[in-house]
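Q: What follows is model25.csv; its format and atoms are CSV, C-alpha atoms and all ligand atoms.
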chain,number,residue,atom,x,y,z
A,18,MET,CA,-5.2,-5.1,7.3
A,19,LEU,CA,-2.9,-3.5,4.8
A,20,GLY,CA,0.3,-1.4,4.5
A,21,ALA,CA,2.2,-0.8,7.6
A,22,GLU,CA,-0.5,-2.6,9.6
A,23,LEU,CA,0.2,-6.0,8.1
A,24,PRO,CA,0.9,-8.1,11.2
A,25,GLY,CA,4.6,-8.7,11.7
A,26,LEU,CA,5.8,-6.8,8.6
A,27,LEU,CA,7.7,-3.9,10.0
A,28,ASP,CA,9.6,-6.0,12.5
A,29,CYS,CA,10.2,-8.9,10.1
A,30,ARG,CA,13.8,-10.1,10.2
A,31,ARG,CA,13.3,-13.5,8.4
A,32,CYS,CA,16.0,-13.0,5.8
A,33,ASP,CA,19.5,-12.5,7.4
A,34,ARG,CA,21.1,-11.6,4.1
A,35,LEU,CA,18.6,-8.8,3.4
A,36,VAL,CA,18.7,-7.4,6.9
A,37,ARG,CA,22.5,-7.3,6.7
A,38,GLY,CA,22.5,-5.7,3.3
A,39,MET,CA,20.2,-2.9,4.4
A,40,VAL,CA,22.4,-2.1,7.4
A,41,GLU,CA,25.6,-2.1,5.3
A,42,LEU,CA,24.3,-0.1,2.4
A,43,LYS,CA,26.2,3.1,1.9
A,44,PRO,CA,23.9,6.2,1.6
A,45,LYS,CA,24.0,8.1,-1.7
A,46,ALA,CA,25.8,11.4,-1.8
A,47,GLY,CA,24.1,14.1,0.2
A,48,TYR,CA,22.2,11.6,2.5
A,49,ARG,CA,23.0,10.2,5.9
A,50,ARG,CA,22.3,6.7,7.1
A,51,SER,CA,19.5,8.1,9.3
A,52,ASP,CA,17.7,9.4,6.2
A,53,TYR,CA,17.1,5.8,5.1
A,54,TRP,CA,14.1,3.7,6.0
A,55,SER,CA,16.1,0.5,5.8
A,56,ARG,CA,13.3,-1.8,6.9
A,57,PRO,CA,10.5,-3.8,5.2
A,58,VAL,CA,8.7,-1.4,2.9
A,59,PRO,CA,4.9,-1.7,3.2
A,60,GLY,CA,2.6,-1.5,0.2
A,61,PHE,CA,0.2,1.5,0.1
A,62,GLY,CA,-2.8,2.7,-1.8
A,63,ASP,CA,-6.6,2.5,-1.9
A,64,PRO,CA,-8.0,-0.3,0.3
A,65,GLU,CA,-11.0,-0.4,-2.0
A,66,ALA,CA,-8.8,-0.9,-5.1
A,67,ARG,CA,-9.8,-3.2,-7.9
A,68,ILE,CA,-6.2,-3.2,-9.2
A,69,CYS,CA,-3.0,-4.1,-7.5
A,70,LEU,CA,0.4,-3.3,-9.1
A,71,VAL,CA,3.2,-5.4,-7.9
A,72,GLY,CA,6.9,-4.7,-8.3
A,73,LEU,CA,9.9,-6.7,-7.4
A,74,ALA,CA,11.5,-5.2,-4.3
A,75,PRO,CA,12.5,-1.8,-2.9
A,76,GLY,CA,15.2,0.1,-4.8
A,77,ALA,CA,18.4,0.8,-2.8
A,78,HIS,CA,18.1,4.6,-2.8
A,79,GLY,CA,14.4,4.8,-3.7
A,80,ALA,CA,11.9,2.8,-1.6
A,81,ASN,CA,14.5,1.6,0.8
A,82,ARG,CA,15.3,5.2,1.6
A,83,SER,CA,11.8,6.8,1.4
A,84,GLY,CA,9.9,3.8,2.9
A,85,ARG,CA,7.3,3.8,0.1
A,86,PRO,CA,7.3,1.6,-3.0
A,87,PHE,CA,8.8,3.2,-6.1
A,88,THR,CA,9.3,6.5,-4.3
A,89,GLY,CA,12.6,8.2,-5.1
A,90,ASP,CA,13.8,5.8,-7.8
A,91,GLY,CA,13.9,5.8,-11.6
A,92,ALA,CA,11.2,3.2,-11.9
A,93,GLY,CA,8.8,5.4,-9.9
A,94,ASP,CA,9.9,8.6,-11.8
A,95,PHE,CA,8.7,6.8,-15.0
A,96,MET,CA,5.6,5.3,-13.5
A,97,TYR,CA,3.9,7.9,-11.3
A,98,PRO,CA,3.3,10.5,-14.0
A,99,LEU,CA,1.6,7.8,-16.1
A,100,LEU,CA,-0.5,6.6,-13.2
A,101,PHE,CA,-1.7,10.2,-12.7
A,102,GLN,CA,-2.4,10.6,-16.4
A,103,ALA,CA,-4.5,7.4,-16.3
A,104,GLY,CA,-6.5,8.7,-13.3
A,105,PHE,CA,-5.0,6.4,-10.7
A,106,SER,CA,-3.7,9.1,-8.4
A,107,ASN,CA,-4.1,12.7,-7.2
A,108,ARG,CA,-0.6,14.0,-8.2
A,109,PRO,CA,1.9,13.2,-10.9
A,110,ASP,CA,5.0,12.5,-8.8
A,111,ALA,CA,6.1,10.8,-5.6
A,112,VAL,CA,8.6,12.5,-3.3
A,113,SER,CA,8.3,11.1,0.2
A,114,ARG,CA,5.9,9.3,2.4
A,115,ASP,CA,4.2,12.5,3.5
A,116,ASP,CA,3.8,14.2,0.1
A,117,GLY,CA,0.0,13.8,0.0
A,118,LEU,CA,0.1,11.3,-2.8
A,119,ARG,CA,-3.2,9.2,-2.9
A,120,LEU,CA,-3.8,6.3,-5.2
A,121,VAL,CA,-7.3,5.8,-6.5
A,122,ASP,CA,-8.6,2.3,-7.3
A,123,LEU,CA,-5.0,1.1,-7.1
A,124,TYR,CA,-2.8,-0.5,-4.5
A,125,LEU,CA,1.0,-0.7,-5.0
A,126,THR,CA,3.4,-3.2,-3.4
A,127,ASN,CA,6.4,-5.4,-4.0
A,128,VAL,CA,6.7,-9.2,-3.9
A,129,VAL,CA,9.8,-8.8,-1.7
A,130,LYS,CA,9.5,-6.1,1.0
A,131,CYS,CA,13.2,-5.6,1.8
A,132,LEU,CA,16.0,-4.3,-0.4
A,133,PRO,CA,17.8,-7.3,-2.0
A,134,PRO,CA,21.5,-6.9,-2.9
A,135,GLU,CA,22.0,-6.3,-6.6
A,136,ASN,CA,18.2,-6.2,-7.0
A,137,LYS,CA,18.1,-10.0,-7.0
A,138,PRO,CA,16.2,-11.7,-4.2
A,139,LYS,CA,17.0,-15.4,-3.8
A,140,ALA,CA,14.4,-18.2,-4.0
A,141,ASP,CA,14.1,-18.6,-0.2
A,142,GLU,CA,13.6,-14.8,0.2
A,143,PHE,CA,10.7,-14.8,-2.3
A,144,THR,CA,9.3,-17.7,-0.3
A,145,ALA,CA,9.8,-16.1,3.1
A,146,CYS,CA,8.0,-12.9,1.9
A,147,ARG,CA,5.1,-14.4,0.0
A,148,PRO,CA,2.8,-14.7,3.0
A,149,PHE,CA,2.8,-10.9,3.3
A,150,LEU,CA,1.7,-10.6,-0.4
A,151,ALA,CA,-0.9,-13.2,0.2
A,152,GLN,CA,-2.3,-11.2,3.1
A,153,GLU,CA,-2.4,-8.0,1.1
A,154,ILE,CA,-4.2,-9.7,-1.7
A,155,ALA,CA,-6.7,-11.3,0.7
A,156,ALA,CA,-7.3,-7.9,2.4
A,157,LEU,CA,-8.2,-6.1,-0.9
A,158,LYS,CA,-11.8,-7.2,-1.1
A,159,ASN,CA,-12.6,-5.6,-4.4
A,160,LEU,CA,-9.5,-6.8,-6.2
A,161,ARG,CA,-10.0,-7.9,-9.7
A,162,VAL,CA,-6.6,-7.5,-11.5
A,163,ILE,CA,-3.0,-7.9,-10.5
A,164,LEU,CA,-0.4,-6.2,-12.8
A,165,ALA,CA,3.0,-7.7,-12.2
A,166,LEU,CA,6.0,-5.7,-13.1
A,167,GLY,CA,8.8,-7.9,-14.5
A,168,GLY,CA,9.2,-11.7,-14.8
A,169,ASP,CA,10.4,-12.3,-11.3
A,170,ALA,CA,7.4,-10.6,-9.7
A,171,PHE,CA,5.1,-12.3,-12.1
A,172,ARG,CA,6.5,-15.8,-11.3
A,173,SER,CA,6.4,-15.2,-7.6
A,174,LEU,CA,2.7,-14.4,-8.0
A,175,LEU,CA,2.2,-17.6,-10.1
A,176,ARG,CA,3.8,-19.6,-7.2
A,177,LEU,CA,1.4,-18.0,-4.8
A,178,TYR,CA,-1.5,-18.9,-7.1
A,179,ARG,CA,-0.2,-22.5,-7.3
A,180,GLN,CA,0.1,-22.7,-3.5
A,181,GLN,CA,-3.5,-21.5,-3.3
A,182,GLY,CA,-4.6,-24.1,-5.8
A,183,HIS,CA,-5.5,-21.7,-8.6
A,184,LEU,CA,-3.1,-23.4,-11.1
A,185,GLN,CA,-0.9,-26.4,-11.4
A,186,ARG,CA,1.9,-25.9,-13.8
A,187,LEU,CA,3.9,-22.6,-13.9
A,188,ALA,CA,5.0,-23.4,-17.4
A,189,ASP,CA,1.5,-23.0,-18.7
A,190,TYR,CA,1.7,-19.3,-17.9
A,191,PRO,CA,4.7,-17.8,-19.6
A,192,PHE,CA,5.6,-14.2,-18.8
A,193,GLY,CA,5.5,-11.5,-21.4
A,194,HIS,CA,4.5,-7.8,-21.7
A,195,GLY,CA,0.7,-7.7,-22.0
A,196,VAL,CA,0.0,-11.4,-21.2
A,197,VAL,CA,-3.4,-11.8,-19.5
A,198,TYR,CA,-4.3,-15.0,-17.5
A,199,ARG,CA,-7.8,-15.6,-16.0
A,200,PHE,CA,-8.5,-17.9,-13.1
A,201,ALA,CA,-11.8,-19.3,-11.8
A,202,ALA,CA,-11.3,-17.9,-8.2
A,203,ALA,CA,-8.4,-15.4,-8.2
A,204,PRO,CA,-7.7,-12.0,-9.7
A,205,VAL,CA,-6.8,-11.8,-13.4
A,206,LEU,CA,-3.0,-11.8,-13.7
A,207,VAL,CA,-1.4,-9.4,-16.2
A,208,GLY,CA,2.3,-9.2,-17.0
A,209,SER,CA,4.3,-6.0,-17.8
A,210,TYR,CA,7.9,-5.4,-18.5
A,211,HIS,CA,9.4,-3.7,-15.4
A,212,THR,CA,9.5,0.1,-15.3
A,213,SER,CA,13.2,0.0,-14.5
A,214,ARG,CA,15.5,2.7,-15.7
A,215,TYR,CA,17.3,0.0,-17.8
A,216,ASN,CA,14.1,-1.0,-19.6
A,217,ILE,CA,13.2,2.6,-20.3
A,218,GLN,CA,16.6,3.6,-21.5
A,219,THR,CA,16.9,0.6,-23.9
A,220,GLY,CA,13.3,1.2,-25.2
A,221,ARG,CA,12.1,-2.2,-24.1
A,222,LEU,CA,9.3,-0.4,-22.3
A,223,THR,CA,7.9,2.9,-23.6
A,224,GLU,CA,5.4,5.3,-22.1
A,225,THR,CA,2.9,4.3,-24.8
A,226,MET,CA,3.3,0.6,-24.0
A,227,PHE,CA,2.7,1.2,-20.3
A,228,CYS,CA,-0.2,3.6,-20.8
A,229,GLU,CA,-1.9,1.1,-23.1
A,230,LEU,CA,-1.5,-1.7,-20.6
A,231,LEU,CA,-3.0,0.5,-17.8
A,232,GLN,CA,-6.0,1.0,-20.1
A,233,THR,CA,-6.3,-2.8,-20.6
A,234,VAL,CA,-6.0,-3.4,-16.9
A,235,ARG,CA,-8.8,-0.9,-16.2
A,236,GLU,CA,-11.0,-2.6,-18.7
A,237,LEU,CA,-10.3,-6.0,-17.2
A,238,ALA,CA,-11.2,-4.5,-13.8
A,239,GLY,CA,-14.7,-3.8,-15.1
A,240,ASP,CA,-14.6,-0.4,-16.8
A,241,ASN,CA,-15.4,-0.3,-20.5
A,242,GLY,CA,-13.0,2.6,-21.2
B,301,LIG,O1,10.2,-3.2,-8.2
B,301,LIG,C1,10.6,-2.1,-7.7
B,301,LIG,C2,11.6,-1.2,-8.2
B,301,LIG,C3,11.8,-0.1,-7.6
B,301,LIG,N1,11.2,0.3,-6.5
B,301,LIG,C4,10.2,-0.5,-6.0
B,301,LIG,O2,9.6,-0.2,-5.0
B,301,LIG,N2,9.9,-1.7,-6.6
Mind turning the file's structure into structure tokens?
A:
Amino acid sequence: MLGAELPGLLDCRRCDRLVRGMVELKPKAGYRRSDYWSRPVPGFGDPEARICLVGLAPGAHGANRSGRPFTGDGAGDFMYPLLFQAGFSNRPDAVSRDDGLRLVDLYLTNVVKCLPPENKPKADEFTACRPFLAQEIAALKNLRVILALGGDAFRSLLRLYRQQGHLQRLADYPFGHGVVYRFAAAPVLVGSYHTSRYNIQTGRLTETMFCELLQTVRELAGDNG
């Protein structure tokens, strides 16, 4: 099972700090508290996907409001048009959960499903949420490549791989934009700088860099271009 059907996800209250933070968050101008999802945000996409893109956690006024990863935040505004250009979706933007957006050969999720204060989940919150990520990965039967956005998401995936016996030392797998790690019995792991507004504004990540990486990921999944 995937998305909102992941057992126990929508009702999860494991992390007190995160639950409190979502309740206390002040809506942005023009919105009311009732406009906010303010619960664990399920992943979504193609259940037959060969590729899984994994972000960090819902943005305060993006995924935490809309209830869908990267929907309504700067990171998504950068990413969705490029996913469309690369043929991974049926429309170039993401507006709300009922906008008709469909992902093709791609599943999109976050390592932490609830909004973390200051965008920084704590170690025990990564740990508490990891079983959900493990279930998503296990349910994607055609999965070949995981693209992790940002070092924190990347390292959380490495920890999952270590727990599952696919690797021993995290230090053997340093994060970087474009790093590719292969494993005997787990999806290829690829690192990308996060598509955050900060990274885009500072030029750390450009459209060209991200498009090239999407192409690489597609090739790693089995297409020759
Ligand atoms: O990592 C991120 C950033 C913004 N929105 C998400 O859903 N995930």
Q: So that I can check the surroundings of Arg186 (chain A), please list as a list in words every protein, DNA and RNA residue that reaches within 10 Å of it, counting only C-alpha atoms and ignoring chain neighbours fewer than 6 positions away.
A: Leu175, Arg176 and Arg179 of chain A
Q: From the options A:Phe149, A:Tyr190, A:Phe61, A:Phe87, which residue's atoms come nearest to Leu206 (chain A), counting only C-alpha atoms?
A: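 Counting only C-alpha atoms, the residue closest to Leu206 (chain A) is A:Tyr190.
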Q: Set the cut-off to 10 Å, count only C-alpha atoms and all ligand atoms, and list whatever residues fall near ligand LIG 301 (chain B) as JSON, numbers by chain.
A: {"A": [58, 59, 60, 70, 71, 72, 73, 74, 75, 76, 77, 78, 79, 80, 81, 83, 84, 85, 86, 87, 88, 89, 90, 91, 92, 93, 94, 125, 126, 127, 128, 129, 130, 131, 132, 136, 165, 166, 167, 169, 170, 211, 212, 213, 214]}
Q: For a quick check of understanding, using all atoms listed in the file, which of A:Leu231, A:Leu174, A:Ala46, A:Ile217 has the smallest distance to Gly195 (chain A)?
A: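 Residue with the minimum atom-to-atom distance to Gly195 (chain A): A:Leu231.
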Q: Report, in Å to a single decimal, how far apart CA of Ile163 (chain A) and CA of Val207 (chain A) are.
A: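 CA of Ile163 (chain A) lies at a distance of 6.1 Å from CA of Val207 (chain A).
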Q: Would you work out the distance separating CA of Cys146 (chain A) from CA of Gln185 (chain A), expressed in Å to one decimal?
A: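 Here the two named atoms are 20.9 Å from each other.
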Q: Using only C-alpha atoms, which of the listed residues (A:Phe171, A:Pro98, A:Ala155, A:Pro57) sits closest to Gly25 (chain A)?
A: A:Pro57
Q: I'd like the interatomic distance between CA of Pro64 (chain A) and CA of Leu157 (chain A), to a tenth of an Å.
A: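 For CA of Pro64 (chain A) relative to CA of Leu157 (chain A), the distance reads 5.9 Å.
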Q: Check the smallest atom-to-atom distance from each of A:Cys228, A:Ala156, A:Leu120, A:Val234 to Ala103 (chain A) using all atoms listed in the file, then report the winner.
A: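 Ranked by minimum distance to Ala103 (chain A), first place goes to A:Cys228.
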Q: Name the residues in contact with Gly62 (chain A) at a cut-off of 12 Å, using only C-alpha atoms, excluding same-chain residues fewer than 4 positions from it; report them as a list in words.
A: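 That gives Leu19, Gly20, Ala21, Ala66, Arg67, Ile68, Cys69, Leu70, Val71, Arg85, Pro86, Phe105, Ser106, Asn107, Arg114, Gly117, Leu118, Arg119, Leu120, Val121, Asp122, Leu123, Tyr124, Leu125, Thr126, Glu153 and Leu157 of chain A.
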Q: So, with all atoms listed in the file as the atoms that count, which of A:Asp240, A:Glu224, A:Glu142, A:Glu22 lies closest to Tyr210 (chain A)?
A: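 With all atoms listed in the file as the atom set, the closest residue is A:Glu224.
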Q: Looking at only C-alpha atoms, which of A:Lys139, A:His194, A:Arg172, A:Arg221 is the one that sits closest to Arg34 (chain A)?
A: A:Lys139
